[in-house]
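Dumped work_22.tsv below, it's TSV, C-alpha atoms:
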```
chain	number	residue	atom	x	y	z
V	1	MET	CA	144.29	68.28	3.73
V	2	ALA	CA	141.10	67.51	1.82
V	3	THR	CA	139.63	64.04	2.06
V	4	PRO	CA	138.90	62.20	-1.20
V	5	ASP	CA	135.18	62.66	-0.55
V	6	THR	CA	135.30	66.47	-0.42
V	7	ALA	CA	137.79	66.68	-3.30
V	8	ASN	CA	135.42	64.66	-5.48
V	9	GLN	CA	132.51	66.91	-4.50
V	10	LYS	CA	134.50	70.05	-5.40
V	11	ALA	CA	135.35	68.65	-8.82
V	12	ILE	CA	131.72	67.84	-9.56
V	13	GLY	CA	130.33	71.00	-7.98
V	14	ILE	CA	127.17	71.55	-6.03
V	15	LYS	CA	124.12	71.58	-8.29
V	16	ASN	CA	121.23	73.93	-7.65
V	17	GLU	CA	117.93	72.10	-7.01
V	18	LYS	CA	114.34	73.27	-7.01
V	19	ILE	CA	111.05	71.57	-6.15
V	20	GLY	CA	107.92	72.43	-8.11
V	21	GLN	CA	104.80	71.19	-9.81
V	22	VAL	CA	104.62	70.05	-13.44
V	23	VAL	CA	102.23	72.31	-15.36
V	24	SER	CA	102.90	70.98	-18.87
V	25	ALA	CA	104.25	67.74	-20.30
V	26	LYS	CA	103.11	68.16	-23.91
V	27	MET	CA	106.57	68.52	-25.42
V	28	GLN	CA	108.85	65.60	-26.24
V	29	LYS	CA	111.30	64.97	-23.38
V	30	THR	CA	110.57	68.43	-21.90
V	31	ILE	CA	108.41	69.39	-18.94
V	32	VAL	CA	107.46	72.81	-17.61
V	33	VAL	CA	107.82	73.05	-13.84
V	34	GLU	CA	106.31	75.90	-11.83
V	35	VAL	CA	108.26	76.70	-8.68
V	36	THR	CA	106.39	78.70	-6.03
V	37	ARG	CA	108.19	80.53	-3.25
V	38	ARG	CA	106.92	82.74	-0.45
V	39	VAL	CA	108.66	86.07	0.06
V	40	GLN	CA	108.00	89.18	2.06
V	41	HIS	CA	106.89	92.25	0.08
V	42	PRO	CA	109.67	94.87	0.29
V	43	VAL	CA	107.34	97.79	1.11
V	44	TYR	CA	104.19	96.32	2.64
V	45	LYS	CA	105.88	93.45	4.54
V	46	ARG	CA	103.12	91.03	3.65
V	47	ILE	CA	103.94	87.45	2.62
V	48	ILE	CA	103.26	86.93	-1.08
V	49	LYS	CA	103.75	83.99	-3.44
V	50	LYS	CA	106.11	84.36	-6.38
V	51	ARG	CA	105.99	81.83	-9.20
V	52	LYS	CA	108.50	81.05	-11.90
V	53	LYS	CA	108.40	78.47	-14.68
V	54	PHE	CA	111.40	76.36	-15.61
V	55	TYR	CA	111.86	74.12	-18.65
V	56	ALA	CA	113.38	70.79	-17.63
V	57	HIS	CA	114.66	67.78	-19.58
V	58	ASP	CA	112.74	64.54	-18.92
V	59	GLU	CA	114.57	61.79	-20.82
V	60	ASN	CA	112.18	58.93	-20.00
V	61	ARG	CA	108.99	61.03	-19.95
V	62	THR	CA	108.17	59.87	-16.43
V	63	ALA	CA	106.63	63.12	-15.13
V	64	GLN	CA	102.99	63.95	-15.82
V	65	VAL	CA	100.94	67.11	-15.25
V	66	GLY	CA	100.31	67.69	-11.55
V	67	ASP	CA	103.33	65.72	-10.29
V	68	VAL	CA	105.61	67.31	-7.69
V	69	VAL	CA	109.18	66.95	-8.94
V	70	ARG	CA	112.76	67.91	-8.05
V	71	ILE	CA	114.73	69.52	-10.89
V	72	VAL	CA	118.51	69.80	-10.93
V	73	GLU	CA	120.63	72.41	-12.69
V	74	CYS	CA	122.59	71.18	-15.72
V	75	ARG	CA	124.35	72.46	-18.81
V	76	PRO	CA	122.23	74.39	-21.33
V	77	MET	CA	120.37	71.92	-23.56
V	78	SER	CA	118.49	74.48	-25.64
V	79	LYS	CA	117.53	78.15	-25.61
V	80	LEU	CA	115.29	77.70	-22.55
V	81	LYS	CA	116.26	74.33	-21.03
V	82	ARG	CA	118.89	74.54	-18.27
V	83	TRP	CA	117.38	71.98	-15.85
V	84	GLN	CA	116.82	68.24	-15.83
V	85	LEU	CA	114.41	66.06	-13.92
V	86	GLY	CA	115.97	64.75	-10.72
V	87	GLU	CA	113.11	62.65	-9.37
V	88	VAL	CA	109.35	62.54	-9.08
V	89	LEU	CA	108.53	63.23	-5.43
V	90	ARG	CA	104.74	62.79	-5.57
V	91	LYS	CA	102.59	61.49	-8.41
V	92	ALA	CA	99.37	63.35	-9.24
V	93	VAL	CA	96.01	61.66	-8.89
V	94	GLN	CA	94.80	60.89	-12.40
V	95	VAL	CA	91.01	60.76	-12.57
V	96	ALA	CA	89.74	59.59	-15.93
V	97	VAL	CA	86.36	58.28	-17.02
V	98	GLU	CA	85.95	56.15	-20.11
V	99	PRO	CA	83.48	57.68	-22.58
V	100	GLY	CA	81.50	54.40	-22.70
V	101	ALA	CA	80.97	54.44	-18.94
V	102	VAL	CA	78.95	57.67	-19.04
V	103	ASP	CA	75.22	57.16	-19.60
V	104	LEU	CA	73.99	60.21	-21.50
V	105	ASP	CA	70.32	59.48	-20.74
V	106	MET	CA	70.94	59.91	-17.01
V	107	LEU	CA	72.41	63.40	-17.34
V	108	GLN	CA	70.30	66.23	-15.97
V	109	PRO	CA	69.96	69.39	-18.05
V	110	THR	CA	71.66	72.41	-16.57
V	111	ALA	CA	69.71	75.39	-15.28
V	112	GLY	CA	70.61	77.59	-18.24
V	113	ALA	CA	69.96	74.97	-20.93
V	114	LYS	CA	66.94	75.43	-23.18
V	115	SER	CA	65.11	72.30	-24.24
V	116	PRO	CA	63.20	72.16	-27.53
V	117	SER	CA	59.99	71.06	-25.77
V	118	ALA	CA	59.94	74.17	-23.57
V	119	LYS	CA	59.63	76.51	-26.53
V	120	GLY	CA	56.49	78.63	-26.49
V	121	THR	CA	55.27	77.50	-23.08
V	122	ARG	CA	55.52	80.95	-21.51
V	123	LYS	CA	52.33	82.95	-21.44
V	124	LYS	CA	52.45	86.38	-22.95
V	125	THR	CA	50.99	89.20	-20.95
V	126	SER	CA	49.30	92.00	-22.79
```
Would you put the structure from the file into structure tokens?
Amino acid sequence: MATPDTANQKAIGIKNEKIGQVVSAKMQKTIVVEVTRRVQHPVYKRIIKKRKKFYAHDENRTAQVGDVVRIVECRPMSKLKRWQLGEVLRKAVQVAVEPGAVDLDMLQPTAGAKSPSAKGTRKKTS
């Protein structure tokens, strides 16, 4: 006879879960998660990486680009959304510099940049 615990689990069902990295969070309450898996090539037997993108529902907009998240299968919410955010496993490092903190006078010109003072300084050979 089934225990109440297993009967409850059968009624709810086992949800499919995937772990991936957030590649886009520009939509409202929707994130794009890229799941990477390693599989063996059927002919050449070499290990290759296969990637697939999933659209997931993020109600509270907690996930940002670069975060590693767990997504859980759910009912279809739109044409593409069949997953929802389970939890954020690892937050991405956000490196941002305020525009006022950058001193433009200290910047070095790049090697390919042409400065106006360097015009006409090359000698012409005849």
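Here the question is which of V:His57, V:Ile14, V:Ile71, V:Val65 gets nearest to Val35 of chain V using all atoms listed in the file, and that residue is V:Ile71.
Among the candidate residues V:Leu85, V:Ala92, V:Ile47, V:Met27, the one lying nearest to Asp67 of chain V is V:Ala92, with distances computed using all atoms listed in the file.
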Which residues are near Ala56 of chain V? Cut-off 9 Å, only C-alpha atoms, ignore same chain within fewer than 6 positions. Put them as a PyMOL selection string. chain V and resi 29-33+71-73+80-85
Quick check, in Å to one decimal: how far apart do atom CA of Glu17 of chain V and atom CA of Arg46 of chain V lie?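 Computing it gives 26.3 Å between the two atoms.
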Residue among V:Asn60, V:Arg37, V:Tyr55, V:Thr125 lying closest to Cys74 of chain V, counting only C-alpha atoms: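 The closest residue to Cys74 of chain V is V:Tyr55.
Going from atom CA of Ser78 of chain V over to atom CA of Lys15 of chain V, you cover 18.5 Å.
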May I ask for the distance between atom CA of Gln21 of chain V and atom CA of Glu87 of chain V, given in Å to one decimal place? 11.9 Å
Place a sphere of radius 9 Å on (111.0, 62.2, -11.0) in the file coordinates and name every protein, DNA or RNA residue with an atom inside or on its surface, counting only C-alpha atoms; give the answer as a ChimeraX atom specification. /V:58,62-63,67-71,85-91
Residue nearest Ile19 of chain V - candidates V:Glu59, V:Gln40, V:Lys45, V:Arg51, atoms counted: only C-alpha atoms: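 Between V:Glu59, V:Gln40, V:Lys45, V:Arg51, the residue approaching Ile19 of chain V most closely is V:Arg51.
Using all atoms listed in the file, the smallest distance between any of V:Lys49, V:Pro42, V:Gly66, V:Thr110 and Gly20 of chain V comes from V:Gly66.
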How would segment 38-57 of chain V look with N, CA and C atoms restored, written as a short mmCIF file (atom, residue, chain, number, x, y, z; two decimals), in the coordinates of the input?
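The new file rebuild-v4.cif reads:
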```
data_model
loop_
_atom_site.label_atom_id
_atom_site.label_comp_id
_atom_site.auth_asym_id
_atom_site.auth_seq_id
_atom_site.Cartn_x
_atom_site.Cartn_y
_atom_site.Cartn_z
N ARG V 38 107.58 81.70 -1.24
CA ARG V 38 106.92 82.74 -0.45
C ARG V 38 107.96 83.74 0.00
N VAL V 39 107.72 85.01 -0.31
CA VAL V 39 108.66 86.07 0.06
C VAL V 39 107.89 87.22 0.71
N GLN V 40 108.61 88.03 1.43
CA GLN V 40 108.00 89.18 2.06
C GLN V 40 108.05 90.36 1.09
N HIS V 41 106.93 91.08 0.95
CA HIS V 41 106.89 92.25 0.08
C HIS V 41 107.84 93.30 0.64
N PRO V 42 108.67 93.93 -0.22
CA PRO V 42 109.67 94.87 0.29
C PRO V 42 109.09 96.12 0.96
N VAL V 43 107.92 96.57 0.54
CA VAL V 43 107.34 97.79 1.11
C VAL V 43 106.28 97.46 2.15
N TYR V 44 105.35 96.57 1.79
CA TYR V 44 104.19 96.32 2.64
C TYR V 44 104.40 95.20 3.66
N LYS V 45 105.50 94.49 3.58
CA LYS V 45 105.88 93.45 4.54
C LYS V 45 104.88 92.30 4.64
N ARG V 46 104.07 92.12 3.65
CA ARG V 46 103.12 91.03 3.65
C ARG V 46 103.73 89.86 2.87
N ILE V 47 103.42 88.64 3.30
CA ILE V 47 103.94 87.45 2.62
C ILE V 47 103.16 87.25 1.33
N ILE V 48 103.88 87.16 0.21
CA ILE V 48 103.26 86.93 -1.08
C ILE V 48 103.91 85.73 -1.74
N LYS V 49 103.21 85.13 -2.70
CA LYS V 49 103.75 83.99 -3.44
C LYS V 49 104.29 84.47 -4.77
N LYS V 50 105.52 84.07 -5.08
CA LYS V 50 106.11 84.36 -6.38
C LYS V 50 106.27 83.04 -7.11
N ARG V 51 105.92 83.04 -8.40
CA ARG V 51 105.99 81.83 -9.20
C ARG V 51 106.93 82.04 -10.37
N LYS V 52 107.63 81.00 -10.74
CA LYS V 52 108.50 81.05 -11.90
C LYS V 52 108.45 79.69 -12.58
N LYS V 53 108.45 79.71 -13.91
CA LYS V 53 108.40 78.47 -14.68
C LYS V 53 109.79 78.13 -15.20
N PHE V 54 110.13 76.86 -15.12
CA PHE V 54 111.40 76.36 -15.61
C PHE V 54 111.14 75.23 -16.60
N TYR V 55 111.91 75.21 -17.69
CA TYR V 55 111.86 74.12 -18.65
C TYR V 55 112.90 73.09 -18.23
N ALA V 56 112.48 71.84 -18.10
CA ALA V 56 113.38 70.79 -17.63
C ALA V 56 113.36 69.60 -18.60
N HIS V 57 114.51 68.93 -18.70
CA HIS V 57 114.66 67.78 -19.58
C HIS V 57 114.18 66.52 -18.84
#
```
